[in-house]
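Down below is the structure, laid out as structure tokens.
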Amino acid sequence: MSRTLFFLGLVASSVLSAAEITVVDEIIAKVNGEIVTRNDYAKGLKQLEEGLRQQGLSGPRLEAAIKDNEKQILRERIDNLLLLSKGKDLNINVDSEVNKQLADIQRQAKIADPEKFQQFVREQTGQSYEDYKSDMKTQILTNRVIRQEVAGKINFKREEQMKYYEDHKSEFQREDRVFLREIMVAHDGKDTAAAEKKAKDLTARGKKGEKFDEMAANNSDSPSAQQGGDIGSYEKGKLRSDIENAVWNQPKGFVTDPINVGNGFLILKVEDHQKAGLAEFEEIQGEITNKLFQPRFQPELRKYLTQLRMEAFLEIKPGFEDSGAAPGKNTAWVDPAEIKPQTVTKEEVAAQTRHKRIPLIKVPIPGTTTQSTGTSASR
């Protein structure tokens with residue numbers, strides 16, 4: 001093959017390769033060394049639409065809601081990357097918490113085999129196990145940063161809480177109700193004795209002070225196990241008579257004996273018993289704190305995220321908008337292909353060389369000595 005034919009073959013091959021190149025994804029924002037891609041944006045848009053559909057929206061109402069909320073997608077992606085970056089700066093490690101949550105989910109699913117559990121996650125979430133774990137880690141880490149850097153720094157004086165109590169007493173009028181947790185030991189009607197024995201053992205452990213929520217999470221056959229057995233509160237007359245009689249007049253922390261409910265044995269713990277009338281301030285001080293906290297939290301969080309934006313390296317591609325942008329922050333997109341390298345002409349180099357004085361450096365020759373011009377104490 002001649003050199004000409006070989007060269008033409010290379011050119012043809014290059015043109016063909018260029019024609020086959022397709023853009024897999026496109027970067028639309030850069031955040032402290034991390035990126036947001038068009039696929040990330042599309043994923044957020046899909047999640048937004050699914051959430052709005054779950055709220056019952058469809059047709060023109062759905063389209064209008066998507067349009068109103070779409071501008072928050074990039075903001076939330078940038079928020080998360082800024083919080084993740086801050087978490088790394090603060091050396092926050094959440095690996096143990098992630099592993100614990102995954103172990104809890106695996107235990108509740110009653111799947112011992114790790115590979116089968118990973119398959120279960122894929123079927124339930126539509127994600128790979130690795131992506132699901134990564135998303136969980138992101139959520140736990142960003143929440144930790146928010147608690148540490150924002151929520152943990154919002155405090156209220158007792159005087160402020162007391163004033164809210166005095167101004168909103170109508171909010172704290174209570175009905176007589178009992179708050180409960182449960183452990184359900186189910187049976188299929190065949191192995192009743194074993195189920196009853198297990199229930200009695202759990203009851204004994206609960207009465208000795210073992211953490212009831214953990215026992216429920218690890219042993220209960222009820223869906224409430226996922227909430228540590230919490231089944232909420234009940235007013236008088238709303239419970240089955242035998243259950244109400246077992247718990248109604250009991251003090252906080254009381255654990256019942258196993259109650260046969262037909263398909264299993266039920267164990268209940270009295271978490272609290274709220275008496276009718278105006279609640280005492282100390283009784284609902286935590287509730288007041290929550291009521292004061294919510295209006296203050298979102299502005300403080302937004303203020304914190306704005307500060308992170310001011311400190312961050314942040315570039316956003318034209319056509320996309322960060323609705324949480326920090327005022328005055330330059331986020332202009334810089335295309336590396338358009339950056340012109342600095343050049344110096346031969347004449348400029350020559351001119352610099354002519355004017356630059358190079359000091360004379362004496363280099364000693366091995367095996368010889370240099371003569372010092374200074375004084376010495378040796379002879």
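Residues are referred to by chain and number: the chain letter is A, B, ... according to the order shown in the structure tokens, the number counts from 1 in that chain, and ligands are numbered separately from 1 in the order shown.
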Give me the residues near range 86-90 of chain A as a ChimeraX atom specification, where near means some atom within 12 Å (using only C-alpha atoms) and where sequence neighbours in that chain fewer than 3 positions away do not count.
/A:31-32,79-83,93-94,137-149,304-305,307-309,311-312
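Contact shell of range 44-47 of chain A at 9 Å (only C-alpha atoms; same-chain neighbours under 6 positions omitted): Ile66, Glu70, Ile73, Leu74 and Arg77 of chain A.
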Dump of N, CA and C atoms for the selected residues, as a PDB file, in the first residue's frame:
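out.pdb written:
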ATOM      1  N   ILE A  66     -45.622  21.324  37.428  1.00  0.00           N
ATOM      2  CA  ILE A  66     -44.253  20.984  37.017  1.00  0.00           C
ATOM      3  C   ILE A  66     -43.498  22.244  36.634  1.00  0.00           C
ATOM      4  N   GLU A  70     -40.184  23.264  38.569  1.00  0.00           N
ATOM      5  CA  GLU A  70     -39.011  22.788  37.834  1.00  0.00           C
ATOM      6  C   GLU A  70     -37.765  23.591  38.177  1.00  0.00           C
ATOM      7  N   ILE A  73     -35.253  22.206  40.768  1.00  0.00           N
ATOM      8  CA  ILE A  73     -34.491  20.966  40.569  1.00  0.00           C
ATOM      9  C   ILE A  73     -32.997  21.218  40.656  1.00  0.00           C
ATOM     10  N   LEU A  74     -32.488  22.172  39.892  1.00  0.00           N
ATOM     11  CA  LEU A  74     -31.054  22.447  39.915  1.00  0.00           C
ATOM     12  C   LEU A  74     -30.632  22.981  41.276  1.00  0.00           C
ATOM     13  N   ARG A  77     -30.124  20.068  43.561  1.00  0.00           N
ATOM     14  CA  ARG A  77     -28.918  19.311  43.228  1.00  0.00           C
ATOM     15  C   ARG A  77     -27.676  20.043  43.732  1.00  0.00           C
TER      16      ARG A  77
END
Give me the residues within 10 Å of Gln227 in chain A as a PyMOL selection string, counting only C-alpha atoms and dropping any in the same chain fewer than 4 places off.
chain A and resi 181+213-214+216-217+223+231
List every residue of range 178-317 of chain A that DSSP, applied to the backbone of this structure, places in alpha helix (DSSP H), and write the result as an MDAnalysis selection string.
chainID A and resid 192:207 212:219 241:247 285:311
